[in-house]
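Structure below is entry_7.cif: mmCIF, C-alpha atoms.
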```
data_upload
#
loop_
_atom_site.label_atom_id
_atom_site.label_comp_id
_atom_site.auth_asym_id
_atom_site.auth_seq_id
_atom_site.Cartn_x
_atom_site.Cartn_y
_atom_site.Cartn_z
CA LYS A 1018 -86.24 -74.14 42.76
CA ALA A 1019 -84.00 -74.36 39.76
CA GLY A 1020 -80.73 -76.15 40.35
CA VAL A 1021 -77.20 -74.96 39.84
CA THR A 1022 -76.50 -74.16 36.23
CA GLN A 1023 -73.13 -74.04 34.54
CA THR A 1024 -72.29 -72.73 31.11
CA PRO A 1025 -70.97 -73.80 28.77
CA ARG A 1026 -71.26 -77.53 29.31
CA TYR A 1027 -68.43 -78.37 26.93
CA LEU A 1028 -65.50 -76.32 25.77
CA ILE A 1029 -62.50 -76.98 23.56
CA LYS A 1030 -59.56 -74.61 23.66
CA THR A 1031 -55.94 -74.63 22.58
CA ARG A 1032 -52.86 -74.10 24.70
CA GLY A 1033 -52.20 -70.51 25.55
CA GLN A 1034 -55.78 -69.38 25.25
CA GLN A 1035 -57.91 -68.24 28.13
CA VAL A 1036 -61.35 -69.40 29.15
CA THR A 1037 -64.21 -68.16 31.32
CA LEU A 1038 -66.70 -70.51 32.93
CA SER A 1039 -69.96 -69.40 34.47
CA CYS A 1040 -72.01 -70.69 37.38
CA SER A 1041 -75.46 -69.61 38.50
CA PRO A 1042 -76.26 -70.81 42.02
CA ILE A 1043 -79.61 -71.79 43.41
CA SER A 1044 -81.73 -68.74 44.13
CA GLY A 1045 -80.98 -67.41 47.59
CA HIS A 1046 -77.62 -69.15 47.92
CA ARG A 1047 -74.78 -66.72 48.54
CA SER A 1048 -71.84 -69.10 48.54
CA VAL A 1049 -70.30 -70.62 45.44
CA SER A 1050 -67.38 -73.03 45.38
CA TRP A 1051 -65.41 -74.32 42.42
CA TYR A 1052 -63.72 -77.71 42.07
CA GLN A 1053 -61.53 -79.26 39.43
CA GLN A 1054 -62.02 -82.97 38.72
CA THR A 1055 -59.43 -84.98 36.84
CA PRO A 1056 -58.76 -88.73 36.66
CA GLY A 1057 -55.28 -88.26 38.10
CA GLN A 1058 -55.84 -85.70 40.86
CA GLY A 1059 -59.47 -86.38 41.69
CA LEU A 1060 -61.60 -83.58 43.06
CA GLN A 1061 -59.64 -80.54 44.12
CA PHE A 1062 -60.95 -77.34 45.63
CA LEU A 1063 -60.24 -74.21 43.61
CA PHE A 1064 -61.89 -71.37 45.49
CA GLU A 1065 -64.97 -70.25 47.34
CA TYR A 1066 -66.89 -67.01 47.12
CA PHE A 1067 -69.36 -65.63 49.60
CA SER A 1068 -71.17 -62.32 49.10
CA GLU A 1069 -68.77 -61.30 46.32
CA THR A 1070 -65.66 -61.99 48.43
CA GLN A 1071 -63.22 -64.82 47.99
CA ARG A 1072 -62.95 -66.41 51.40
CA ASN A 1073 -60.94 -69.50 50.62
CA LYS A 1074 -58.56 -70.55 47.88
CA GLY A 1075 -57.05 -73.88 46.94
CA ASN A 1076 -53.52 -74.62 45.88
CA PHE A 1077 -53.71 -73.60 42.24
CA PRO A 1078 -51.50 -71.22 40.27
CA GLY A 1079 -52.46 -67.61 39.74
CA ARG A 1080 -53.68 -68.45 36.23
CA PHE A 1081 -56.87 -69.59 37.94
CA SER A 1082 -59.04 -66.77 39.14
CA GLY A 1083 -62.64 -66.13 39.89
CA ARG A 1084 -65.18 -63.61 40.94
CA GLN A 1085 -68.72 -63.37 42.19
CA PHE A 1086 -71.32 -60.82 41.23
CA SER A 1087 -73.95 -59.13 43.35
CA ASN A 1088 -76.58 -61.62 42.15
CA SER A 1089 -74.31 -64.45 43.44
CA ARG A 1090 -73.47 -65.69 39.96
CA SER A 1091 -69.84 -66.64 39.72
CA GLU A 1092 -67.26 -66.92 36.99
CA MET A 1093 -63.91 -68.56 36.94
CA ASN A 1094 -61.18 -67.72 34.50
CA VAL A 1095 -58.15 -69.70 33.45
CA SER A 1096 -55.50 -67.85 31.51
CA THR A 1097 -52.68 -69.24 29.41
CA LEU A 1098 -54.25 -72.67 29.24
CA GLU A 1099 -52.09 -75.76 29.59
CA LEU A 1100 -52.84 -79.32 28.55
CA GLY A 1101 -53.10 -80.27 32.21
CA ASP A 1102 -56.02 -77.89 32.68
CA SER A 1103 -58.24 -80.33 30.81
CA ALA A 1104 -60.80 -81.33 33.40
CA LEU A 1105 -64.36 -81.25 34.55
CA TYR A 1106 -64.96 -78.03 36.46
CA LEU A 1107 -67.71 -78.28 39.03
CA CYS A 1108 -69.50 -75.45 40.71
CA ALA A 1109 -71.30 -75.91 44.02
CA SER A 1110 -73.88 -73.64 45.57
CA THR A 1111 -74.30 -73.66 49.33
CA GLY A 1112 -77.49 -73.12 51.25
CA THR A 1113 -78.05 -71.80 54.73
CA SER A 1114 -79.14 -74.95 56.52
CA SER A 1115 -77.26 -76.10 59.57
CA TYR A 1116 -75.54 -78.65 57.41
CA ASN A 1117 -74.64 -76.05 54.76
CA GLU A 1118 -75.36 -78.64 52.11
CA GLN A 1119 -73.61 -78.06 48.80
CA PHE A 1120 -75.55 -78.56 45.59
CA PHE A 1121 -73.45 -79.27 42.55
CA GLY A 1122 -73.96 -78.20 38.98
CA PRO A 1123 -73.51 -80.53 36.00
CA GLY A 1124 -70.02 -79.22 35.35
CA THR A 1125 -68.15 -77.78 32.41
CA ARG A 1126 -65.94 -80.21 30.52
CA LEU A 1127 -62.87 -78.31 29.34
CA THR A 1128 -60.56 -79.89 26.81
CA VAL A 1129 -57.26 -78.18 26.05
CA LEU A 1130 -55.57 -79.22 22.80
CA ALA B 1153 -53.94 -80.78 57.13
CA GLN B 1154 -57.24 -82.49 56.54
CA THR B 1155 -57.26 -85.65 54.47
CA VAL B 1156 -59.82 -88.19 53.32
CA THR B 1157 -58.87 -91.69 52.22
CA GLN B 1158 -60.96 -94.19 50.31
CA SER B 1159 -59.02 -97.42 49.99
CA GLN B 1160 -61.42 -99.22 47.67
CA PRO B 1161 -61.09 -97.92 44.09
CA GLU B 1162 -63.80 -100.31 42.87
CA MET B 1163 -66.53 -102.41 44.45
CA SER B 1164 -69.18 -104.70 43.05
CA VAL B 1165 -72.47 -105.85 44.55
CA GLN B 1166 -75.35 -108.02 43.41
CA GLU B 1167 -78.71 -106.39 43.08
CA ALA B 1168 -80.70 -106.56 46.36
CA GLU B 1169 -77.54 -107.29 48.36
CA THR B 1170 -75.74 -105.03 50.84
CA VAL B 1171 -72.41 -103.34 50.29
CA THR B 1172 -70.18 -101.21 52.52
CA LEU B 1173 -67.86 -98.53 51.23
CA SER B 1174 -64.95 -97.50 53.45
CA CYS B 1175 -63.65 -94.06 54.27
CA THR B 1176 -61.11 -92.81 56.78
CA TYR B 1177 -60.23 -89.23 57.45
CA ASP B 1178 -57.87 -87.10 59.42
CA THR B 1179 -58.51 -83.71 60.94
CA SER B 1180 -57.38 -81.81 63.99
CA GLU B 1181 -60.70 -80.00 64.20
CA SER B 1182 -63.34 -81.01 66.72
CA ASP B 1183 -66.18 -79.47 64.75
CA TYR B 1184 -66.61 -80.95 61.29
CA TYR B 1185 -69.08 -82.61 58.95
CA LEU B 1186 -68.76 -85.74 56.89
CA PHE B 1187 -70.58 -86.46 53.66
CA TRP B 1188 -71.05 -89.15 51.07
CA TYR B 1189 -71.67 -87.92 47.55
CA LYS B 1190 -72.75 -89.96 44.56
CA GLN B 1191 -71.68 -89.14 41.03
CA PRO B 1192 -73.55 -91.20 38.42
CA PRO B 1193 -72.23 -91.50 34.87
CA SER B 1194 -74.17 -88.32 33.96
CA ARG B 1195 -71.69 -86.51 36.24
CA GLN B 1196 -74.11 -84.55 38.42
CA MET B 1197 -72.87 -84.92 41.99
CA ILE B 1198 -75.62 -85.46 44.55
CA LEU B 1199 -75.53 -85.71 48.32
CA VAL B 1200 -76.32 -89.17 49.68
CA ILE B 1201 -75.94 -88.72 53.41
CA ARG B 1202 -74.29 -86.45 55.96
CA GLN B 1203 -73.06 -86.71 59.54
CA GLU B 1204 -72.18 -84.07 62.09
CA ALA B 1205 -69.12 -85.00 64.11
CA TYR B 1206 -70.71 -84.16 67.46
CA LYS B 1207 -73.65 -86.49 66.86
CA GLN B 1208 -73.01 -90.00 68.10
CA GLN B 1209 -76.02 -91.46 66.35
CA ASN B 1210 -75.27 -92.80 62.90
CA ALA B 1211 -77.12 -91.05 60.08
CA THR B 1212 -79.63 -92.99 58.00
CA GLU B 1213 -81.38 -92.07 54.77
CA ASN B 1214 -83.67 -94.81 53.51
CA ARG B 1215 -81.41 -97.61 52.20
CA PHE B 1216 -78.24 -95.65 53.02
CA SER B 1217 -76.65 -95.60 56.44
CA VAL B 1218 -73.27 -94.78 57.88
CA ASN B 1219 -71.05 -96.27 60.51
CA PHE B 1220 -69.34 -93.29 62.11
CA GLN B 1221 -66.46 -94.24 64.38
CA LYS B 1222 -65.10 -90.92 65.61
CA ALA B 1223 -62.18 -92.25 67.62
CA ALA B 1224 -61.01 -94.36 64.70
CA LYS B 1225 -61.77 -91.52 62.26
CA SER B 1226 -63.78 -93.88 60.11
CA PHE B 1227 -66.94 -93.12 58.16
CA SER B 1228 -68.23 -96.02 56.10
CA LEU B 1229 -71.35 -96.07 53.92
CA LYS B 1230 -73.69 -99.05 53.86
CA ILE B 1231 -76.08 -99.47 50.98
CA SER B 1232 -78.84 -101.98 51.64
CA ASP B 1233 -81.02 -103.66 49.02
CA SER B 1234 -78.76 -102.39 46.24
CA GLN B 1235 -80.43 -101.24 43.07
CA LEU B 1236 -79.13 -100.84 39.53
CA GLY B 1237 -79.48 -97.09 39.94
CA ASP B 1238 -76.96 -97.14 42.78
CA ALA B 1239 -74.17 -97.76 40.29
CA ALA B 1240 -71.97 -94.68 40.44
CA MET B 1241 -68.78 -93.20 41.81
CA TYR B 1242 -69.07 -92.52 45.52
CA PHE B 1243 -67.02 -89.84 47.21
CA CYS B 1244 -66.46 -89.37 50.90
CA ALA B 1245 -65.94 -85.73 51.89
CA LEU B 1246 -64.98 -83.71 54.95
CA ARG B 1247 -65.85 -80.13 55.77
CA GLN B 1248 -64.69 -78.02 58.64
CA GLY B 1249 -67.45 -76.76 60.90
CA GLY B 1250 -67.99 -73.29 62.26
CA GLY B 1251 -69.34 -71.73 59.10
CA ALA B 1252 -66.08 -70.06 58.03
CA THR B 1253 -65.80 -72.12 54.90
CA ASN B 1254 -67.75 -74.55 52.76
CA LYS B 1255 -64.62 -76.12 51.33
CA LEU B 1256 -64.94 -79.88 50.90
CA ILE B 1257 -61.99 -82.25 51.05
CA PHE B 1258 -62.77 -85.27 48.92
CA GLY B 1259 -61.47 -88.80 48.89
CA THR B 1260 -60.42 -90.43 45.63
CA GLY B 1261 -63.74 -92.18 45.21
CA THR B 1262 -65.05 -95.73 44.98
CA LEU B 1263 -66.63 -96.90 41.74
CA LEU B 1264 -69.59 -99.11 42.61
CA ALA B 1265 -70.93 -101.58 40.07
CA VAL B 1266 -74.30 -103.25 40.65
CA GLN B 1267 -74.74 -106.63 39.01
CA PRO B 1268 -78.27 -107.71 37.99
#
```

Could you write out this file's structure as structure tokens?
Amino acid sequence: KAGVTQTPRYLIKTRGQQVTLSCSPISGHRSVSWYQQTPGQGLQFLFEYFSETQRNKGNFPGRFSGRQFSNSRSEMNVSTLELGDSALYLCASTGTSSYNEQFFGPGTRLTVL
Amino acid sequence: AQTVTQSQPEMSVQEAETVTLSCTYDTSESDYYLFWYKQPPSRQMILVIRQEAYKQQNATENRFSVNFQKAAKSFSLKISDSQLGDAAMYFCALRQGGGATNKLIFGTGTLLAVQP
């Protein structure tokens, strides 16, 4: 099976712009989670989607949003970018084993100037 | 609130030696899972080992094993016969059981260096 793919891999934006990141989960996986990784805050949970519904959300401002499509692909959007949004954004796809193991994508490195 | 604490920001081990990474956690749930993830310099996070809270037996995956002390809420990772490829950031993570969410709570990570 192909792994989790994320596009784009690198992105440079300026303050005030908006950005959309994409994640394609492993075939057959219906749950997608997003995490933000920064040197200062570490790995923080953004949100989780299951069957096109958001079922959990982290403590992030409303500028961060996401959605999931019927083919389980997910997008996250950040509006009005701030310098502090510079981070590695990781997407994780979850299988249906008893452990519900999460498989991570390579991430999208977002730099806000 | 659920928390995960890794008190060792950096560790170093000689090749072929054994190293133990520490992790403590806090949760009020009785049903939960614990994980160790490895993030090499290439940044792709991969699962190293997992433990279900209700299982008393410590999980083992080849050279990787855990010491799960439920009462003490401790979940350490032991890497035996360390290899150069083990050099990475290691994250301890906690997930609530029951299937209602796949949200992972991560610790701050331990950067492991392997000396040849």

Which residues of chain B are close to chain A, meaning at most 12 Å apart when you count all atoms listed in the file, and how do they look as a PDB file with C-alpha atoms, in the frame of the given file?
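File produced: part_35.pdb:
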```
ATOM      1  CA  THR B1155     -57.260 -85.650  54.470  1.00  0.00           C
ATOM      2  CA  VAL B1156     -59.820 -88.190  53.320  1.00  0.00           C
ATOM      3  CA  THR B1157     -58.870 -91.690  52.220  1.00  0.00           C
ATOM      4  CA  GLN B1158     -60.960 -94.190  50.310  1.00  0.00           C
ATOM      5  CA  PRO B1161     -61.090 -97.920  44.090  1.00  0.00           C
ATOM      6  CA  ASP B1183     -66.180 -79.470  64.750  1.00  0.00           C
ATOM      7  CA  TYR B1184     -66.610 -80.950  61.290  1.00  0.00           C
ATOM      8  CA  TYR B1185     -69.080 -82.610  58.950  1.00  0.00           C
ATOM      9  CA  LEU B1186     -68.760 -85.740  56.890  1.00  0.00           C
ATOM     10  CA  PHE B1187     -70.580 -86.460  53.660  1.00  0.00           C
ATOM     11  CA  TRP B1188     -71.050 -89.150  51.070  1.00  0.00           C
ATOM     12  CA  TYR B1189     -71.670 -87.920  47.550  1.00  0.00           C
ATOM     13  CA  LYS B1190     -72.750 -89.960  44.560  1.00  0.00           C
ATOM     14  CA  GLN B1191     -71.680 -89.140  41.030  1.00  0.00           C
ATOM     15  CA  PRO B1192     -73.550 -91.200  38.420  1.00  0.00           C
ATOM     16  CA  PRO B1193     -72.230 -91.500  34.870  1.00  0.00           C
ATOM     17  CA  SER B1194     -74.170 -88.320  33.960  1.00  0.00           C
ATOM     18  CA  ARG B1195     -71.690 -86.510  36.240  1.00  0.00           C
ATOM     19  CA  GLN B1196     -74.110 -84.550  38.420  1.00  0.00           C
ATOM     20  CA  MET B1197     -72.870 -84.920  41.990  1.00  0.00           C
ATOM     21  CA  ILE B1198     -75.620 -85.460  44.550  1.00  0.00           C
ATOM     22  CA  LEU B1199     -75.530 -85.710  48.320  1.00  0.00           C
ATOM     23  CA  VAL B1200     -76.320 -89.170  49.680  1.00  0.00           C
ATOM     24  CA  ILE B1201     -75.940 -88.720  53.410  1.00  0.00           C
ATOM     25  CA  ARG B1202     -74.290 -86.450  55.960  1.00  0.00           C
ATOM     26  CA  GLN B1203     -73.060 -86.710  59.540  1.00  0.00           C
ATOM     27  CA  GLU B1204     -72.180 -84.070  62.090  1.00  0.00           C
ATOM     28  CA  ALA B1205     -69.120 -85.000  64.110  1.00  0.00           C
ATOM     29  CA  MET B1241     -68.780 -93.200  41.810  1.00  0.00           C
ATOM     30  CA  TYR B1242     -69.070 -92.520  45.520  1.00  0.00           C
ATOM     31  CA  PHE B1243     -67.020 -89.840  47.210  1.00  0.00           C
ATOM     32  CA  CYS B1244     -66.460 -89.370  50.900  1.00  0.00           C
ATOM     33  CA  ALA B1245     -65.940 -85.730  51.890  1.00  0.00           C
ATOM     34  CA  LEU B1246     -64.980 -83.710  54.950  1.00  0.00           C
ATOM     35  CA  ARG B1247     -65.850 -80.130  55.770  1.00  0.00           C
ATOM     36  CA  GLN B1248     -64.690 -78.020  58.640  1.00  0.00           C
ATOM     37  CA  GLY B1249     -67.450 -76.760  60.900  1.00  0.00           C
ATOM     38  CA  GLY B1250     -67.990 -73.290  62.260  1.00  0.00           C
ATOM     39  CA  GLY B1251     -69.340 -71.730  59.100  1.00  0.00           C
ATOM     40  CA  ALA B1252     -66.080 -70.060  58.030  1.00  0.00           C
ATOM     41  CA  THR B1253     -65.800 -72.120  54.900  1.00  0.00           C
ATOM     42  CA  ASN B1254     -67.750 -74.550  52.760  1.00  0.00           C
ATOM     43  CA  LYS B1255     -64.620 -76.120  51.330  1.00  0.00           C
ATOM     44  CA  LEU B1256     -64.940 -79.880  50.900  1.00  0.00           C
ATOM     45  CA  ILE B1257     -61.990 -82.250  51.050  1.00  0.00           C
ATOM     46  CA  PHE B1258     -62.770 -85.270  48.920  1.00  0.00           C
ATOM     47  CA  GLY B1259     -61.470 -88.800  48.890  1.00  0.00           C
ATOM     48  CA  THR B1260     -60.420 -90.430  45.630  1.00  0.00           C
ATOM     49  CA  GLY B1261     -63.740 -92.180  45.210  1.00  0.00           C
ATOM     50  CA  THR B1262     -65.050 -95.730  44.980  1.00  0.00           C
TER      51      THR B1262
END
```

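Selection around (-74.4, -103.5, 37.5) with radius 12 Å, counting all atoms listed in the file, yields the residues Met1163, Ser1164, Val1165, Gln1166, Glu1167, Ala1168, Glu1169, Ser1234, Gln1235, Leu1236, Gly1237, Asp1238, Ala1239, Ala1240, Leu1263, Leu1264, Ala1265, Val1266, Gln1267 and Pro1268 of chain B.
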
Which polymer residues have any atom within 7 Å of an atom of A:Thr1022, counting only C-alpha atoms, with same-chain residues fewer than 2 positions away left out, as a PDB file with C-alpha atoms, in the frame of the given file?
```pdb
ATOM      1  CA  GLY A1020     -80.730 -76.150  40.350  1.00  0.00           C
ATOM      2  CA  THR A1024     -72.290 -72.730  31.110  1.00  0.00           C
ATOM      3  CA  CYS A1040     -72.010 -70.690  37.380  1.00  0.00           C
ATOM      4  CA  SER A1041     -75.460 -69.610  38.500  1.00  0.00           C
ATOM      5  CA  PRO A1042     -76.260 -70.810  42.020  1.00  0.00           C
ATOM      6  CA  GLY A1122     -73.960 -78.200  38.980  1.00  0.00           C
TER       7      GLY A1122
END
```

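Atom to atom, atom CA of A:Asn1076 and atom CA of A:Gln1053 stand 11.3 Å apart.
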
Just say which residues the PyMOL selection byres ((chain A and resi 1019) around 8) picks in this file, as a ChimeraX atom specification. /A:1018,1020-1021,1043-1044

Explicit residue set for the PyMOL selection byres ((chain A and resi 1029-1037) around 10), as an MDAnalysis selection string: chainID A and resid 1024:1025 1027:1028 1038:1039 1080:1083 1092:1103 1126:1130

Out of A:Gln1023, A:Thr1055, A:Thr1125, A:Gln1085, which residue has the shortest atom-to-atom distance to A:Gln1071 when counting all atoms listed in the file? A:Gln1085

Output of stretch 1031-1042 of chain A limited to all heavy atoms, as a PDB file, in the first residue's frame:
```pdb
ATOM      1  N   THR A1031       3.641  34.775   3.120  1.00  0.00           N
ATOM      2  CA  THR A1031       3.862  35.997   3.889  1.00  0.00           C
ATOM      3  C   THR A1031       2.689  36.214   4.845  1.00  0.00           C
ATOM      4  O   THR A1031       1.593  35.661   4.644  1.00  0.00           O
ATOM      5  CB  THR A1031       4.026  37.220   2.976  1.00  0.00           C
ATOM      6  OG1 THR A1031       2.876  37.318   2.136  1.00  0.00           O
ATOM      7  CG2 THR A1031       5.275  37.094   2.124  1.00  0.00           C
ATOM      8  N   ARG A1032       2.937  36.987   5.845  1.00  0.00           N
ATOM      9  CA  ARG A1032       1.911  37.279   6.855  1.00  0.00           C
ATOM     10  C   ARG A1032       0.637  37.798   6.197  1.00  0.00           C
ATOM     11  O   ARG A1032       0.683  38.593   5.260  1.00  0.00           O
ATOM     12  CB  ARG A1032       2.421  38.311   7.840  1.00  0.00           C
ATOM     13  CG  ARG A1032       3.297  37.740   8.923  1.00  0.00           C
ATOM     14  CD  ARG A1032       3.747  38.819   9.880  1.00  0.00           C
ATOM     15  NE  ARG A1032       4.538  39.848   9.210  1.00  0.00           N
ATOM     16  CZ  ARG A1032       4.955  40.950   9.785  1.00  0.00           C
ATOM     17  NH1 ARG A1032       4.646  41.202  11.053  1.00  0.00           N
ATOM     18  NH2 ARG A1032       5.669  41.828   9.123  1.00  0.00           N
ATOM     19  N   GLY A1033      -0.475  37.332   6.691  1.00  0.00           N
ATOM     20  CA  GLY A1033      -1.752  37.775   6.175  1.00  0.00           C
ATOM     21  C   GLY A1033      -2.329  36.906   5.070  1.00  0.00           C
ATOM     22  O   GLY A1033      -3.531  36.961   4.808  1.00  0.00           O
ATOM     23  N   GLN A1034      -1.466  36.123   4.437  1.00  0.00           N
ATOM     24  CA  GLN A1034      -1.965  35.243   3.398  1.00  0.00           C
ATOM     25  C   GLN A1034      -2.663  34.042   4.003  1.00  0.00           C
ATOM     26  O   GLN A1034      -2.661  33.841   5.213  1.00  0.00           O
ATOM     27  CB  GLN A1034      -0.808  34.770   2.502  1.00  0.00           C
ATOM     28  CG  GLN A1034      -0.249  35.834   1.585  1.00  0.00           C
ATOM     29  CD  GLN A1034       0.772  35.253   0.624  1.00  0.00           C
ATOM     30  OE1 GLN A1034       1.734  34.575   1.020  1.00  0.00           O
ATOM     31  NE2 GLN A1034       0.580  35.517  -0.663  1.00  0.00           N
ATOM     32  N   GLN A1035      -3.251  33.234   3.153  1.00  0.00           N
ATOM     33  CA  GLN A1035      -3.846  31.993   3.614  1.00  0.00           C
ATOM     34  C   GLN A1035      -3.180  30.832   2.881  1.00  0.00           C
ATOM     35  O   GLN A1035      -2.543  31.015   1.838  1.00  0.00           O
ATOM     36  CB  GLN A1035      -5.354  31.971   3.385  1.00  0.00           C
ATOM     37  CG  GLN A1035      -5.782  31.753   1.959  1.00  0.00           C
ATOM     38  CD  GLN A1035      -7.255  31.331   1.873  1.00  0.00           C
ATOM     39  OE1 GLN A1035      -8.032  31.458   2.821  1.00  0.00           O
ATOM     40  NE2 GLN A1035      -7.654  30.843   0.717  1.00  0.00           N
ATOM     41  N   VAL A1036      -3.312  29.651   3.450  1.00  0.00           N
ATOM     42  CA  VAL A1036      -2.660  28.496   2.869  1.00  0.00           C
ATOM     43  C   VAL A1036      -3.553  27.270   3.034  1.00  0.00           C
ATOM     44  O   VAL A1036      -4.312  27.161   3.998  1.00  0.00           O
ATOM     45  CB  VAL A1036      -1.281  28.260   3.541  1.00  0.00           C
ATOM     46  CG1 VAL A1036      -1.446  27.862   5.017  1.00  0.00           C
ATOM     47  CG2 VAL A1036      -0.470  27.226   2.799  1.00  0.00           C
ATOM     48  N   THR A1037      -3.464  26.360   2.075  1.00  0.00           N
ATOM     49  CA  THR A1037      -4.189  25.092   2.138  1.00  0.00           C
ATOM     50  C   THR A1037      -3.205  23.954   1.966  1.00  0.00           C
ATOM     51  O   THR A1037      -2.420  23.939   1.018  1.00  0.00           O
ATOM     52  CB  THR A1037      -5.264  25.008   1.033  1.00  0.00           C
ATOM     53  OG1 THR A1037      -6.210  26.054   1.222  1.00  0.00           O
ATOM     54  CG2 THR A1037      -5.986  23.666   1.110  1.00  0.00           C
ATOM     55  N   LEU A1038      -3.244  23.030   2.905  1.00  0.00           N
ATOM     56  CA  LEU A1038      -2.384  21.856   2.870  1.00  0.00           C
ATOM     57  C   LEU A1038      -3.249  20.631   2.621  1.00  0.00           C
ATOM     58  O   LEU A1038      -4.384  20.558   3.103  1.00  0.00           O
ATOM     59  CB  LEU A1038      -1.637  21.690   4.202  1.00  0.00           C
ATOM     60  CG  LEU A1038      -0.945  22.935   4.765  1.00  0.00           C
ATOM     61  CD1 LEU A1038      -0.232  22.578   6.061  1.00  0.00           C
ATOM     62  CD2 LEU A1038       0.001  23.537   3.760  1.00  0.00           C
ATOM     63  N   SER A1039      -2.674  19.667   1.905  1.00  0.00           N
ATOM     64  CA  SER A1039      -3.452  18.491   1.546  1.00  0.00           C
ATOM     65  C   SER A1039      -2.824  17.219   2.083  1.00  0.00           C
ATOM     66  O   SER A1039      -1.600  17.115   2.195  1.00  0.00           O
ATOM     67  CB  SER A1039      -3.567  18.405   0.017  1.00  0.00           C
ATOM     68  OG  SER A1039      -4.323  17.268  -0.364  1.00  0.00           O
ATOM     69  N   CYS A1040      -3.680  16.270   2.402  1.00  0.00           N
ATOM     70  CA  CYS A1040      -3.229  14.980   2.932  1.00  0.00           C
ATOM     71  C   CYS A1040      -4.055  13.859   2.308  1.00  0.00           C
ATOM     72  O   CYS A1040      -5.292  13.892   2.356  1.00  0.00           O
ATOM     73  CB  CYS A1040      -3.383  14.958   4.446  1.00  0.00           C
ATOM     74  SG  CYS A1040      -3.111  13.339   5.203  1.00  0.00           S
ATOM     75  N   SER A1041      -3.363  12.884   1.740  1.00  0.00           N
ATOM     76  CA  SER A1041      -4.051  11.702   1.226  1.00  0.00           C
ATOM     77  C   SER A1041      -3.699  10.520   2.108  1.00  0.00           C
ATOM     78  O   SER A1041      -2.522  10.144   2.199  1.00  0.00           O
ATOM     79  CB  SER A1041      -3.631  11.425  -0.224  1.00  0.00           C
ATOM     80  OG  SER A1041      -4.122  12.424  -1.079  1.00  0.00           O
ATOM     81  N   PRO A1042      -4.693   9.934   2.785  1.00  0.00           N
ATOM     82  CA  PRO A1042      -4.398   8.839   3.709  1.00  0.00           C
ATOM     83  C   PRO A1042      -4.131   7.539   2.963  1.00  0.00           C
ATOM     84  O   PRO A1042      -4.308   7.441   1.748  1.00  0.00           O
ATOM     85  CB  PRO A1042      -5.684   8.732   4.524  1.00  0.00           C
ATOM     86  CG  PRO A1042      -6.757   9.182   3.585  1.00  0.00           C
ATOM     87  CD  PRO A1042      -6.119  10.254   2.742  1.00  0.00           C
TER      88      PRO A1042
END
```
